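Colleague: I am sharing target_10.tsv, which consists of TSV, C-alpha atoms:
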```tsv
chain	number	residue	atom	x	y	z
A	1	MET	CA	0.00	0.00	0.00
A	2	SER	CA	1.47	3.34	-0.97
A	3	PRO	CA	1.82	6.00	1.75
A	4	LYS	CA	-0.68	8.16	-0.13
A	5	VAL	CA	-3.46	5.56	0.13
A	6	SER	CA	-2.59	5.03	3.74
A	7	ASP	CA	-2.94	8.74	4.45
A	8	GLU	CA	-6.28	8.73	2.69
A	9	HIS	CA	-7.42	5.81	4.79
A	10	LYS	CA	-6.26	7.57	7.92
A	11	GLU	CA	-8.21	10.68	7.00
A	12	GLN	CA	-11.26	8.57	6.15
A	13	ARG	CA	-11.13	6.92	9.57
A	14	ARG	CA	-10.75	10.28	11.22
A	15	GLN	CA	-13.82	11.62	9.41
A	16	GLN	CA	-15.71	8.45	10.35
A	17	ILE	CA	-14.95	9.10	14.03
A	18	LEU	CA	-15.99	12.74	13.76
A	19	GLU	CA	-19.28	11.84	12.06
A	20	ALA	CA	-20.03	9.21	14.71
A	21	ALA	CA	-19.19	11.68	17.49
A	22	LYS	CA	-21.50	14.25	15.94
A	23	ARG	CA	-24.41	11.82	16.00
A	24	VAL	CA	-23.66	10.87	19.61
A	25	PHE	CA	-23.35	14.52	20.76
A	26	ILE	CA	-26.60	15.48	19.04
A	27	ARG	CA	-28.42	12.51	20.56
A	28	MET	CA	-27.05	12.73	24.11
A	29	GLY	CA	-25.59	16.21	24.60
A	30	TYR	CA	-21.94	16.96	25.37
A	31	GLU	CA	-21.72	16.16	29.07
A	32	ALA	CA	-23.73	12.94	28.95
A	33	ALA	CA	-21.81	11.50	25.97
A	34	THR	CA	-18.76	9.36	26.72
A	35	LEU	CA	-15.79	8.26	24.66
A	36	LYS	CA	-17.25	4.75	24.93
A	37	ASP	CA	-20.49	5.89	23.25
A	38	ILE	CA	-18.47	7.38	20.41
A	39	VAL	CA	-16.37	4.20	20.04
A	40	GLN	CA	-19.54	2.11	19.81
A	41	GLU	CA	-21.22	4.47	17.35
A	42	ALA	CA	-18.13	4.51	15.13
A	43	GLY	CA	-18.00	0.71	15.18
A	44	MET	CA	-14.25	0.73	15.80
A	45	SER	CA	-12.15	-0.66	18.60
A	46	ARG	CA	-11.12	1.68	21.40
A	47	GLY	CA	-7.49	1.22	20.33
A	48	TRP	CA	-8.22	2.58	16.85
A	49	ILE	CA	-9.82	5.73	18.18
A	50	TYR	CA	-6.81	6.41	20.44
A	51	LEU	CA	-4.60	6.64	17.36
A	52	TYR	CA	-6.54	9.81	16.52
A	53	PHE	CA	-7.97	11.29	19.72
A	54	GLN	CA	-7.18	10.97	23.40
A	55	THR	CA	-10.30	12.55	24.90
A	56	LYS	CA	-13.91	13.40	24.15
A	57	GLU	CA	-12.90	17.05	24.27
A	58	GLU	CA	-10.31	16.59	21.52
A	59	ILE	CA	-12.97	15.03	19.31
A	60	TYR	CA	-15.33	17.89	20.07
A	61	THR	CA	-12.84	20.63	19.22
A	62	ALA	CA	-11.83	18.81	16.00
A	63	LEU	CA	-15.51	18.65	15.07
A	64	MET	CA	-15.91	22.39	15.65
A	65	GLU	CA	-12.80	23.15	13.59
A	66	LYS	CA	-14.21	21.08	10.76
A	67	HIS	CA	-17.48	22.98	11.04
A	68	ASP	CA	-15.65	26.33	10.95
A	69	GLN	CA	-13.69	25.32	7.87
A	70	GLU	CA	-16.91	24.35	6.11
A	71	THR	CA	-18.45	27.72	7.02
A	72	GLU	CA	-15.40	29.48	5.60
A	73	GLY	CA	-15.85	27.53	2.39
A	74	ILE	CA	-19.46	28.72	2.18
A	75	PHE	CA	-18.28	32.35	2.61
A	76	ASP	CA	-15.89	32.01	-0.31
A	77	ALA	CA	-18.37	30.16	-2.52
A	78	LEU	CA	-21.02	32.81	-1.91
A	79	LEU	CA	-18.62	35.64	-2.70
A	80	ALA	CA	-17.62	33.90	-5.92
A	81	GLY	CA	-21.22	33.14	-6.94
A	82	CYS	CA	-22.90	36.46	-6.20
A	83	SER	CA	-22.80	39.69	-8.15
A	84	SER	CA	-22.36	41.80	-5.01
A	85	VAL	CA	-21.03	41.36	-1.48
A	86	TRP	CA	-24.37	42.46	-0.10
A	87	GLU	CA	-26.13	39.76	-2.10
A	88	ALA	CA	-23.68	37.20	-0.68
A	89	LEU	CA	-24.31	38.42	2.87
A	90	GLU	CA	-28.06	38.42	2.43
A	91	ARG	CA	-28.04	34.93	0.93
A	92	MET	CA	-25.92	33.69	3.81
A	93	LEU	CA	-28.41	35.07	6.32
A	94	GLN	CA	-31.41	33.84	4.31
A	95	HIS	CA	-29.81	30.40	4.28
A	96	GLU	CA	-29.80	30.48	8.08
A	97	LYS	CA	-33.61	30.35	8.05
A	98	GLU	CA	-33.36	26.76	7.00
A	99	GLU	CA	-30.70	26.06	9.61
A	100	LEU	CA	-32.84	27.60	12.34
A	101	THR	CA	-35.74	25.32	11.41
A	102	HIS	CA	-33.63	22.34	12.44
A	103	ILE	CA	-31.65	23.99	15.21
A	104	GLN	CA	-33.06	21.78	17.94
A	105	SER	CA	-31.78	18.63	16.25
A	106	GLY	CA	-28.36	20.01	15.26
A	107	MET	CA	-25.08	20.82	16.96
A	108	ALA	CA	-26.17	24.19	18.38
A	109	PRO	CA	-27.51	22.79	21.68
A	110	VAL	CA	-24.27	20.84	22.05
A	111	PHE	CA	-22.20	23.95	21.41
A	112	TYR	CA	-24.10	26.00	23.99
A	113	GLU	CA	-23.82	23.19	26.49
A	114	TYR	CA	-20.06	23.06	25.98
A	115	PHE	CA	-19.86	26.83	26.23
A	116	VAL	CA	-21.91	27.15	29.38
A	117	THR	CA	-20.55	24.18	31.26
A	118	GLY	CA	-16.97	24.91	30.16
A	119	TRP	CA	-17.19	28.55	30.95
A	120	ARG	CA	-15.54	28.30	34.40
A	121	ASP	CA	-12.63	26.24	33.01
A	122	VAL	CA	-9.73	28.48	31.96
A	123	SER	CA	-8.39	26.34	29.09
A	124	LYS	CA	-11.84	25.71	27.60
A	125	ARG	CA	-12.56	29.38	27.90
A	126	GLU	CA	-9.41	30.34	26.05
A	127	TRP	CA	-10.39	28.03	23.22
A	128	LEU	CA	-13.86	29.60	23.11
A	129	VAL	CA	-12.48	33.14	23.04
A	130	GLN	CA	-10.05	32.25	20.25
A	131	ARG	CA	-12.85	30.65	18.25
A	132	VAL	CA	-15.08	33.73	18.55
A	133	GLU	CA	-12.20	36.04	17.67
A	134	LYS	CA	-11.31	33.97	14.62
A	135	THR	CA	-14.92	34.07	13.42
A	136	MET	CA	-14.98	37.84	13.94
A	137	ARG	CA	-11.80	38.31	11.89
A	138	LYS	CA	-13.29	36.27	9.01
A	139	LEU	CA	-16.48	38.28	9.12
A	140	VAL	CA	-14.58	41.58	9.10
A	141	GLN	CA	-12.52	40.38	6.11
A	142	PHE	CA	-15.76	39.52	4.33
A	143	LEU	CA	-17.26	42.95	5.03
A	144	GLN	CA	-13.99	44.63	4.03
A	145	VAL	CA	-14.38	43.18	0.53
A	146	GLY	CA	-17.60	45.15	0.25
A	147	VAL	CA	-15.83	48.32	1.38
A	148	ASP	CA	-12.93	47.73	-1.02
A	149	ARG	CA	-15.33	47.28	-3.91
A	150	GLY	CA	-17.02	50.56	-3.03
A	151	GLU	CA	-20.27	48.77	-2.22
A	152	PHE	CA	-20.47	49.39	1.52
A	153	SER	CA	-20.12	52.68	3.32
A	154	PRO	CA	-20.32	51.48	6.91
A	155	ALA	CA	-21.81	53.83	9.46
A	156	LEU	CA	-19.68	52.26	12.20
A	157	PRO	CA	-16.30	50.48	12.42
A	158	LEU	CA	-16.49	47.09	10.66
A	159	GLU	CA	-15.30	45.32	13.83
A	160	LEU	CA	-18.33	46.65	15.68
A	161	ILE	CA	-20.75	45.81	12.86
A	162	ALA	CA	-19.37	42.27	12.75
A	163	LYS	CA	-19.86	41.92	16.50
A	164	VAL	CA	-23.40	43.27	16.30
A	165	MET	CA	-24.24	40.90	13.46
A	166	ALA	CA	-22.79	37.92	15.33
A	167	SER	CA	-24.46	38.70	18.65
A	168	GLN	CA	-27.82	39.56	17.11
A	169	PHE	CA	-27.73	36.27	15.22
A	170	GLU	CA	-26.63	34.43	18.35
A	171	GLY	CA	-29.61	35.88	20.21
A	172	ILE	CA	-32.00	34.64	17.52
A	173	MET	CA	-30.42	31.20	17.77
A	174	ILE	CA	-30.80	31.11	21.55
A	175	HIS	CA	-34.45	32.14	21.34
A	176	THR	CA	-35.17	29.67	18.56
A	177	LEU	CA	-33.55	26.94	20.60
A	178	ALA	CA	-35.66	27.83	23.63
A	179	LEU	CA	-39.00	28.44	21.93
A	180	GLY	CA	-38.80	26.67	18.59
A	181	PRO	CA	-38.63	28.53	15.25
A	182	LYS	CA	-42.34	29.40	15.18
A	183	HIS	CA	-42.73	30.87	18.66
A	184	ALA	CA	-39.40	32.70	18.37
A	185	ASP	CA	-40.59	34.17	15.05
A	186	ALA	CA	-37.17	33.19	13.75
A	187	TYR	CA	-37.78	34.03	10.09
A	188	ARG	CA	-39.07	37.51	10.71
A	189	GLN	CA	-36.32	38.12	13.26
A	190	LEU	CA	-33.77	37.22	10.60
A	191	ASP	CA	-35.46	39.63	8.18
A	192	VAL	CA	-35.08	42.36	10.81
A	193	LEU	CA	-31.40	41.42	11.23
A	194	ILE	CA	-30.90	41.66	7.45
A	195	ALA	CA	-32.57	45.08	7.35
A	196	HIS	CA	-30.45	46.18	10.31
A	197	MET	CA	-27.23	45.12	8.57
A	198	LYS	CA	-28.37	46.89	5.42
A	199	SER	CA	-28.86	50.12	7.37
A	200	LEU	CA	-25.39	49.80	8.92
A	201	LEU	CA	-23.52	48.86	5.72
A	202	LEU	CA	-25.22	50.33	2.69
A	203	PRO	CA	-25.31	54.01	1.96
A	204	SER	CA	-28.83	55.36	2.39
A	205	LYS	CA	-30.16	56.58	-0.89
B	1	MET	CA	-46.61	35.65	68.71
B	2	SER	CA	-49.32	36.99	66.43
B	3	PRO	CA	-49.89	35.24	63.11
B	4	LYS	CA	-48.75	38.41	61.33
B	5	VAL	CA	-45.30	38.39	62.93
B	6	SER	CA	-45.06	34.70	62.22
B	7	ASP	CA	-45.79	35.29	58.54
B	8	GLU	CA	-43.14	37.99	58.47
B	9	HIS	CA	-40.63	35.65	60.05
B	10	LYS	CA	-41.52	32.97	57.56
B	11	GLU	CA	-41.00	35.33	54.67
B	12	GLN	CA	-37.71	36.52	56.18
B	13	ARG	CA	-36.48	32.93	56.42
B	14	ARG	CA	-37.54	32.30	52.84
B	15	GLN	CA	-35.62	35.33	51.61
B	16	GLN	CA	-32.62	34.21	53.67
B	17	ILE	CA	-32.66	30.85	51.90
B	18	LEU	CA	-32.99	32.49	48.48
B	19	GLU	CA	-30.09	34.87	49.16
B	20	ALA	CA	-27.91	31.99	50.36
B	21	ALA	CA	-28.84	29.93	47.29
B	22	LYS	CA	-27.96	32.84	45.02
B	23	ARG	CA	-24.46	33.07	46.52
B	24	VAL	CA	-23.99	29.30	46.18
B	25	PHE	CA	-25.22	29.21	42.56
B	26	ILE	CA	-22.99	32.13	41.58
B	27	ARG	CA	-19.96	30.51	43.25
B	28	MET	CA	-20.46	26.94	42.04
B	29	GLY	CA	-22.83	27.01	39.07
B	30	TYR	CA	-26.23	25.31	38.97
B	31	GLU	CA	-25.31	21.69	38.34
B	32	ALA	CA	-22.43	21.55	40.80
B	33	ALA	CA	-24.40	23.15	43.67
B	34	THR	CA	-26.30	20.83	46.01
B	35	LEU	CA	-29.12	21.38	48.47
B	36	LYS	CA	-26.55	20.61	51.18
B	37	ASP	CA	-24.37	23.53	50.03
B	38	ILE	CA	-27.38	25.83	50.23
B	39	VAL	CA	-28.32	24.54	53.69
B	40	GLN	CA	-24.78	25.21	54.93
B	41	GLU	CA	-24.62	28.66	53.35
B	42	ALA	CA	-27.98	29.62	54.87
B	43	GLY	CA	-26.81	28.44	58.28
B	44	MET	CA	-30.09	26.62	58.90
B	45	SER	CA	-30.90	23.00	59.58
B	46	ARG	CA	-31.96	20.82	56.68
B	47	GLY	CA	-35.35	20.43	58.32
B	48	TRP	CA	-35.96	24.17	58.26
B	49	ILE	CA	-35.25	24.43	54.56
B	50	TYR	CA	-37.68	21.59	53.80
B	51	LEU	CA	-40.49	23.68	55.25
B	52	TYR	CA	-39.99	25.98	52.28
B	53	PHE	CA	-38.42	24.04	49.42
B	54	GLN	CA	-38.17	20.37	48.50
B	55	THR	CA	-35.50	20.54	45.81
B	56	LYS	CA	-32.67	22.66	44.48
B	57	GLU	CA	-34.78	23.28	41.40
B	58	GLU	CA	-37.65	24.72	43.45
B	59	ILE	CA	-35.21	27.16	45.04
B	60	TYR	CA	-33.83	28.11	41.66
B	61	THR	CA	-37.22	28.81	40.09
B	62	ALA	CA	-38.28	30.83	43.17
B	63	LEU	CA	-35.09	32.86	42.80
B	64	MET	CA	-35.84	33.55	39.13
B	65	GLU	CA	-39.42	34.57	39.95
B	66	LYS	CA	-38.11	36.98	42.56
B	67	HIS	CA	-35.70	38.39	39.98
B	68	ASP	CA	-38.50	38.82	37.43
B	69	GLN	CA	-40.69	40.63	39.96
B	70	GLU	CA	-37.84	43.02	40.73
B	71	THR	CA	-37.36	43.67	37.01
B	72	GLU	CA	-41.06	44.43	36.68
B	73	GLY	CA	-40.75	46.90	39.53
B	74	ILE	CA	-37.91	48.64	37.69
B	75	PHE	CA	-40.10	48.91	34.54
B	76	ASP	CA	-42.86	50.62	36.51
B	77	ALA	CA	-40.50	52.91	38.40
B	78	LEU	CA	-38.83	54.01	35.17
B	79	LEU	CA	-42.15	54.73	33.49
B	80	ALA	CA	-43.22	56.79	36.50
B	81	GLY	CA	-39.93	58.69	36.71
B	82	CYS	CA	-39.34	59.54	33.05
B	83	SER	CA	-40.97	62.17	30.92
B	84	SER	CA	-41.34	59.82	27.95
B	85	VAL	CA	-41.58	56.07	27.32
B	86	TRP	CA	-38.58	56.28	25.03
B	87	GLU	CA	-36.53	57.89	27.80
B	88	ALA	CA	-37.57	55.06	30.14
B	89	LEU	CA	-36.59	52.44	27.58
B	90	GLU	CA	-33.27	54.09	26.87
B	91	ARG	CA	-32.47	54.43	30.56
B	92	MET	CA	-33.31	50.78	31.09
B	93	LEU	CA	-30.90	49.76	28.33
B	94	GLN	CA	-28.22	52.21	29.49
B	95	HIS	CA	-28.53	50.71	32.95
B	96	GLU	CA	-27.68	47.33	31.47
B	97	LYS	CA	-24.17	48.60	30.70
B	98	GLU	CA	-23.44	48.44	34.39
B	99	GLU	CA	-25.01	44.99	34.65
B	100	LEU	CA	-22.94	43.71	31.74
B	101	THR	CA	-19.74	44.87	33.45
B	102	HIS	CA	-20.42	42.39	36.25
B	103	ILE	CA	-22.13	39.70	34.19
B	104	GLN	CA	-19.48	37.09	34.82
B	105	SER	CA	-19.98	37.27	38.58
B	106	GLY	CA	-23.79	37.42	38.51
B	107	MET	CA	-26.66	35.00	37.93
B	108	ALA	CA	-26.46	35.08	34.11
B	109	PRO	CA	-23.99	32.16	33.81
B	110	VAL	CA	-26.20	30.17	36.18
B	111	PHE	CA	-29.27	30.96	34.13
B	112	TYR	CA	-27.63	29.87	30.87
B	113	GLU	CA	-26.34	26.72	32.51
B	114	TYR	CA	-29.86	25.88	33.70
B	115	PHE	CA	-31.25	26.67	30.27
B	116	VAL	CA	-28.75	24.62	28.32
B	117	THR	CA	-28.54	21.61	30.60
B	118	GLY	CA	-32.31	21.61	31.19
B	119	TRP	CA	-33.17	22.02	27.58
B	120	ARG	CA	-33.77	18.30	26.90
B	121	ASP	CA	-36.05	17.98	29.94
B	122	VAL	CA	-39.71	18.60	29.00
B	123	SER	CA	-40.86	20.10	32.32
B	124	LYS	CA	-37.86	22.42	32.63
B	125	ARG	CA	-38.37	23.46	29.06
B	126	GLU	CA	-42.00	24.32	29.64
B	127	TRP	CA	-40.98	26.53	32.54
B	128	LEU	CA	-38.37	28.25	30.35
B	129	VAL	CA	-40.86	28.87	27.54
B	130	GLN	CA	-43.42	30.29	29.95
B	131	ARG	CA	-40.79	32.57	31.48
B	132	VAL	CA	-39.73	33.94	28.08
B	133	GLU	CA	-43.36	34.43	27.02
B	134	LYS	CA	-44.19	36.26	30.22
B	135	THR	CA	-41.21	38.58	29.73
B	136	MET	CA	-42.30	39.22	26.14
B	137	ARG	CA	-45.84	40.12	27.24
B	138	LYS	CA	-44.46	42.61	29.80
B	139	LEU	CA	-42.21	44.17	27.19
B	140	VAL	CA	-45.06	44.49	24.69
B	141	GLN	CA	-47.23	46.13	27.37
B	142	PHE	CA	-44.42	48.57	28.05
B	143	LEU	CA	-44.03	49.43	24.36
B	144	GLN	CA	-47.80	49.70	23.99
B	145	VAL	CA	-47.79	52.57	26.52
B	146	GLY	CA	-45.56	54.45	24.08
B	147	VAL	CA	-47.98	53.77	21.23
B	148	ASP	CA	-50.99	54.77	23.34
B	149	ARG	CA	-49.32	58.04	24.26
B	150	GLY	CA	-48.69	58.77	20.59
B	151	GLU	CA	-44.93	58.61	21.13
B	152	PHE	CA	-44.08	55.50	19.14
B	153	SER	CA	-45.08	54.70	15.60
B	154	PRO	CA	-43.66	51.22	15.27
B	155	ALA	CA	-42.49	50.10	11.84
B	156	LEU	CA	-43.27	46.47	12.76
B	157	PRO	CA	-45.71	44.64	15.06
B	158	LEU	CA	-44.81	45.31	18.71
B	159	GLU	CA	-44.56	41.57	19.40
B	160	LEU	CA	-41.80	41.30	16.80
B	161	ILE	CA	-39.98	44.41	18.04
B	162	ALA	CA	-40.06	43.03	21.59
B	163	LYS	CA	-38.61	39.72	20.38
B	164	VAL	CA	-35.89	41.49	18.42
B	165	MET	CA	-34.99	43.63	21.41
B	166	ALA	CA	-34.87	40.62	23.72
B	167	SER	CA	-32.85	38.42	21.40
B	168	GLN	CA	-30.42	41.18	20.40
B	169	PHE	CA	-29.84	41.90	24.08
B	170	GLU	CA	-29.48	38.19	24.82
B	171	GLY	CA	-26.81	37.94	22.13
B	172	ILE	CA	-24.86	40.81	23.69
B	173	MET	CA	-25.08	39.06	27.06
B	174	ILE	CA	-23.82	35.77	25.63
B	175	HIS	CA	-20.89	37.48	23.93
B	176	THR	CA	-20.05	39.51	27.02
B	177	LEU	CA	-20.14	36.35	29.08
B	178	ALA	CA	-17.80	34.60	26.66
B	179	LEU	CA	-15.35	37.42	25.96
B	180	GLY	CA	-15.72	39.84	28.85
B	181	PRO	CA	-17.28	43.31	28.46
B	182	LYS	CA	-14.21	44.91	26.86
B	183	HIS	CA	-13.53	42.32	24.14
B	184	ALA	CA	-17.25	41.98	23.38
B	185	ASP	CA	-17.44	45.77	23.02
B	186	ALA	CA	-20.53	45.51	25.19
B	187	TYR	CA	-21.12	49.24	25.68
B	188	ARG	CA	-20.97	50.11	22.01
B	189	GLN	CA	-23.08	47.07	21.15
B	190	LEU	CA	-25.72	48.35	23.56
B	191	ASP	CA	-25.56	51.77	21.90
B	192	VAL	CA	-26.22	50.07	18.56
B	193	LEU	CA	-29.14	48.20	20.11
B	194	ILE	CA	-30.57	51.49	21.42
B	195	ALA	CA	-30.22	53.12	17.98
B	196	HIS	CA	-31.84	50.05	16.40
B	197	MET	CA	-34.82	50.23	18.74
B	198	LYS	CA	-35.11	53.95	18.07
B	199	SER	CA	-35.30	53.29	14.33
B	200	LEU	CA	-38.00	50.64	14.85
B	201	LEU	CA	-40.12	52.60	17.32
B	202	LEU	CA	-39.79	56.31	16.74
B	203	PRO	CA	-41.11	58.06	13.69
B	204	SER	CA	-38.25	59.23	11.49
B	205	LYS	CA	-38.16	62.98	11.35
```
Kindly return the structure encoded in the file as structure tokens.

Modeller:
Amino acid sequence: MSPKVSDEHKEQRRQQILEAAKRVFIRMGYEAATLKDIVQEAGMSRGWIYLYFQTKEEIYTALMEKHDQETEGIFDALLAGCSSVWEALERMLQHEKEELTHIQSGMAPVFYEYFVTGWRDVSKREWLVQRVEKTMRKLVQFLQVGVDRGEFSPALPLELIAKVMASQFEGIMIHTLALGPKHADAYRQLDVLIAHMKSLLLPSK
Amino acid sequence: MSPKVSDEHKEQRRQQILEAAKRVFIRMGYEAATLKDIVQEAGMSRGWIYLYFQTKEEIYTALMEKHDQETEGIFDALLAGCSSVWEALERMLQHEKEELTHIQSGMAPVFYEYFVTGWRDVSKREWLVQRVEKTMRKLVQFLQVGVDRGEFSPALPLELIAKVMASQFEGIMIHTLALGPKHADAYRQLDVLIAHMKSLLLPSK
């Protein structure tokens, strides 16, 4: 077997573990899930898993990194496929309507559980802060493209607009998680968020 | 001892338990805290506590109800003390700046922990939904005063504006909790929230 195939196999196994862990986390929540549950779900021996990950937490953070990379890919694809940066941003937010419909059966509850229960732990907290800051930098870069192309004339610093966008969206997620998409009025709340972003980014005509 | 004094004493004891529980929850978090910790902090016998509360959860929900009643009192006091409903609303939101500065050492982390860990439990979830809906009704009533006085001409249904205000504020809280008030830019985010509410409620001149 050539080293290349072997690397591919390794990566395949790794993805298999991550997918299994995702199903387990969604089903049981972060705290309740154990490494044993993930081993069983993946249908591998415990020894195999240890070649890749030592703890449940390592699997979780790898899963989040994978998720963040996928999100980044969506950013780039949208920018490439839309005629304007605003259209890309609006499409991204419109797309979240669909995500919010399924929020209760996705990774969001797991993420909030990890955030809230890990909040008092210094090392977990550092990881969380870095993750938020990385997301903010990406979002600012995205908005900056709109400024560079002469499309946006932001009323406030881009860093602040990015933070407002992220926290307003986060609030909608939290409410949708608590109340369900219908009671939280998630769609209309997203429309208000889109209009708010428009008022902060686009020149009023 | 007259029944009246006895009732007063009872209420005093109850408040004493709630205050002790609050300190314990803030120090340890919801899940980690036990009824025993609360008993010790209150400096009462276990038997005494059982006259008032059977479980940690009962104490927690009583604490939240007390908190909500206090918030309602603040609403009324602000409305009475301000010359306009908008001024009352703005003062309320400005006041939150101070609260956000201390968010990490207050009840907010405990609340989110209860929310996230209790989320899969049907009875806890019902309580959470009812609490959010009650808060929304209060907020709509508050905004309605502004409409009735001819001060507000809302661009959207008041129910939606109340939800947007609550979720946008919730998002700022979550980010402030994660990053600290400085990194989250909590003050400026609140200013943006205030300007957003102004644009949704006040007629543009």

Colleague: Please identify all polymer residues lying at most 9 Å from the point (-32.3, 31.2, 47.8) (file coordinates), using only C-alpha atoms, and present the result as a ChimeraX atom specification.

Modeller: /B:14-24,38,42,59-60,62-63

Colleague: Distance table requested - chain A against chain B, cut-off 9 Å, all atoms listed in the file: one row per qualifying residue with the closest atom pair and its distance in Å to one decimal, ordered by chain and rising residue number, as JSON lines.

Modeller:
```
{"residue": "A:Gly29", "atom": "CA", "partner": "B:Thr117", "partner_atom": "CA", "distance": 8.6}
{"residue": "A:Glu31", "atom": "CA", "partner": "B:Thr117", "partner_atom": "CA", "distance": 8.9}
{"residue": "A:Pro109", "atom": "CA", "partner": "B:Val116", "partner_atom": "CA", "distance": 7.0}
{"residue": "A:Val110", "atom": "CA", "partner": "B:Val116", "partner_atom": "CA", "distance": 8.6}
{"residue": "A:Tyr112", "atom": "CA", "partner": "B:Val116", "partner_atom": "CA", "distance": 6.5}
{"residue": "A:Glu113", "atom": "CA", "partner": "B:Val116", "partner_atom": "CA", "distance": 5.4}
{"residue": "A:Phe115", "atom": "CA", "partner": "B:Ala178", "partner_atom": "CA", "distance": 8.0}
{"residue": "A:Val116", "atom": "CA", "partner": "B:Glu113", "partner_atom": "CA", "distance": 5.4}
{"residue": "A:Thr117", "atom": "CA", "partner": "B:Glu113", "partner_atom": "CA", "distance": 6.4}
{"residue": "A:Trp119", "atom": "CA", "partner": "B:Ala178", "partner_atom": "CA", "distance": 7.4}
{"residue": "A:Arg120", "atom": "CA", "partner": "B:Gly29", "partner_atom": "CA", "distance": 8.8}
{"residue": "A:Arg125", "atom": "CA", "partner": "B:Ala178", "partner_atom": "CA", "distance": 7.5}
{"residue": "A:Leu128", "atom": "CA", "partner": "B:Ala178", "partner_atom": "CA", "distance": 7.3}
{"residue": "A:Val129", "atom": "CA", "partner": "B:Leu179", "partner_atom": "CA", "distance": 5.9}
{"residue": "A:Val132", "atom": "CA", "partner": "B:Leu179", "partner_atom": "CA", "distance": 8.3}
{"residue": "A:Glu133", "atom": "CA", "partner": "B:Leu179", "partner_atom": "CA", "distance": 9.0}
{"residue": "A:Leu160", "atom": "CA", "partner": "B:Gln189", "partner_atom": "CA", "distance": 7.3}
{"residue": "A:Ile161", "atom": "CA", "partner": "B:Gln189", "partner_atom": "CA", "distance": 8.7}
{"residue": "A:Lys163", "atom": "CA", "partner": "B:Ala184", "partner_atom": "CA", "distance": 7.4}
{"residue": "A:Val164", "atom": "CA", "partner": "B:Gln189", "partner_atom": "CA", "distance": 6.2}
{"residue": "A:Ala166", "atom": "CA", "partner": "B:Gly171", "partner_atom": "CA", "distance": 7.9}
{"residue": "A:Ser167", "atom": "CA", "partner": "B:Gly171", "partner_atom": "CA", "distance": 4.3}
{"residue": "A:Gln168", "atom": "CA", "partner": "B:Gln168", "partner_atom": "CA", "distance": 4.5}
{"residue": "A:Phe169", "atom": "CA", "partner": "B:Gly171", "partner_atom": "CA", "distance": 7.2}
{"residue": "A:Glu170", "atom": "CA", "partner": "B:Gly171", "partner_atom": "CA", "distance": 5.2}
{"residue": "A:Gly171", "atom": "CA", "partner": "B:Gly171", "partner_atom": "CA", "distance": 4.0}
{"residue": "A:Ile172", "atom": "CA", "partner": "B:Ser167", "partner_atom": "CA", "distance": 5.5}
{"residue": "A:Met173", "atom": "CA", "partner": "B:Ser167", "partner_atom": "CA", "distance": 8.4}
{"residue": "A:Ile174", "atom": "CA", "partner": "B:Ser167", "partner_atom": "CA", "distance": 7.6}
{"residue": "A:His175", "atom": "CA", "partner": "B:Ser167", "partner_atom": "CA", "distance": 6.5}
{"residue": "A:Leu177", "atom": "CA", "partner": "B:Trp119", "partner_atom": "CA", "distance": 8.5}
{"residue": "A:Ala178", "atom": "CA", "partner": "B:Val129", "partner_atom": "CA", "distance": 6.6}
{"residue": "A:Leu179", "atom": "CA", "partner": "B:Val129", "partner_atom": "CA", "distance": 5.9}
{"residue": "A:Ala184", "atom": "CA", "partner": "B:Lys163", "partner_atom": "CA", "distance": 7.3}
{"residue": "A:Asp185", "atom": "CA", "partner": "B:Leu160", "partner_atom": "CA", "distance": 7.4}
{"residue": "A:Arg188", "atom": "CA", "partner": "B:Leu160", "partner_atom": "CA", "distance": 7.7}
{"residue": "A:Gln189", "atom": "CA", "partner": "B:Val164", "partner_atom": "CA", "distance": 6.2}
{"residue": "A:Val192", "atom": "CA", "partner": "B:Val164", "partner_atom": "CA", "distance": 7.7}
{"residue": "A:Leu193", "atom": "CA", "partner": "B:Val164", "partner_atom": "CA", "distance": 8.5}
{"residue": "A:His196", "atom": "CA", "partner": "B:His196", "partner_atom": "CA", "distance": 7.3}
```

Colleague: With a distance cut-off of 10 Å and all atoms listed in the file, select the neighbouring residues of Lys198 of chain A, excluding the residue or stretch itself and same-chain residues fewer than 4 positions from it, and output the selection as a list in words.

Modeller: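 Residues near the query, excluding close chain neighbours: Trp86, Leu89, Glu90, Phe152, Pro154, Val192, Leu193, Ile194, Leu202, Pro203 and Ser204 of chain A.
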
Colleague: May I ask which of the residues A:Asp76, A:Glu98, A:Asp121, A:Glu58 is the closest one to Val145 of chain A, counting only C-alpha atoms?

Modeller: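 Once distances to Val145 of chain A are computed over only C-alpha atoms, the minimum belongs to A:Asp76.
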
Colleague: Determine the nearest neighbour of Ser153 of chain B from the options B:Phe25, B:Met197, B:Ala32, B:Lys124, counting all atoms listed in the file.

Modeller: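 Using all atoms listed in the file, Ser153 of chain B sits closest to B:Met197.
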
Colleague: When you look at Arg91 of chain B with a cut-off of 12 Å (counting all atoms listed in the file), what residues show up, excluding the ones that are within fewer than 3 positions of it in the same chain? I need them as a list in words.

Modeller: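 Within the cut-off, the hits are Ile74, Phe75, Ala77, Leu78, Leu79, Gly81, Cys82, Ser83, Ser84, Val85, Trp86, Glu87, Ala88, Gln94, His95, Glu96, Lys97, Glu98, Leu190, Asp191 and Ile194 of chain B.
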
Colleague: Between atom CA of Lys138 of chain A and atom CA of Gly73 of chain A, what is the spacing in Å?

Modeller: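 Separation between atom CA of Gly73 of chain A and atom CA of Lys138 of chain A: 11.3 Å.
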
Colleague: Could you work out how far atom CA of Gln40 of chain A lies from atom CA of Glu57 of chain A, giving the answer in Å with one decimal?

Modeller: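 Answer for the atom CA of Glu57 of chain A to atom CA of Gln40 of chain A separation: 16.9 Å.
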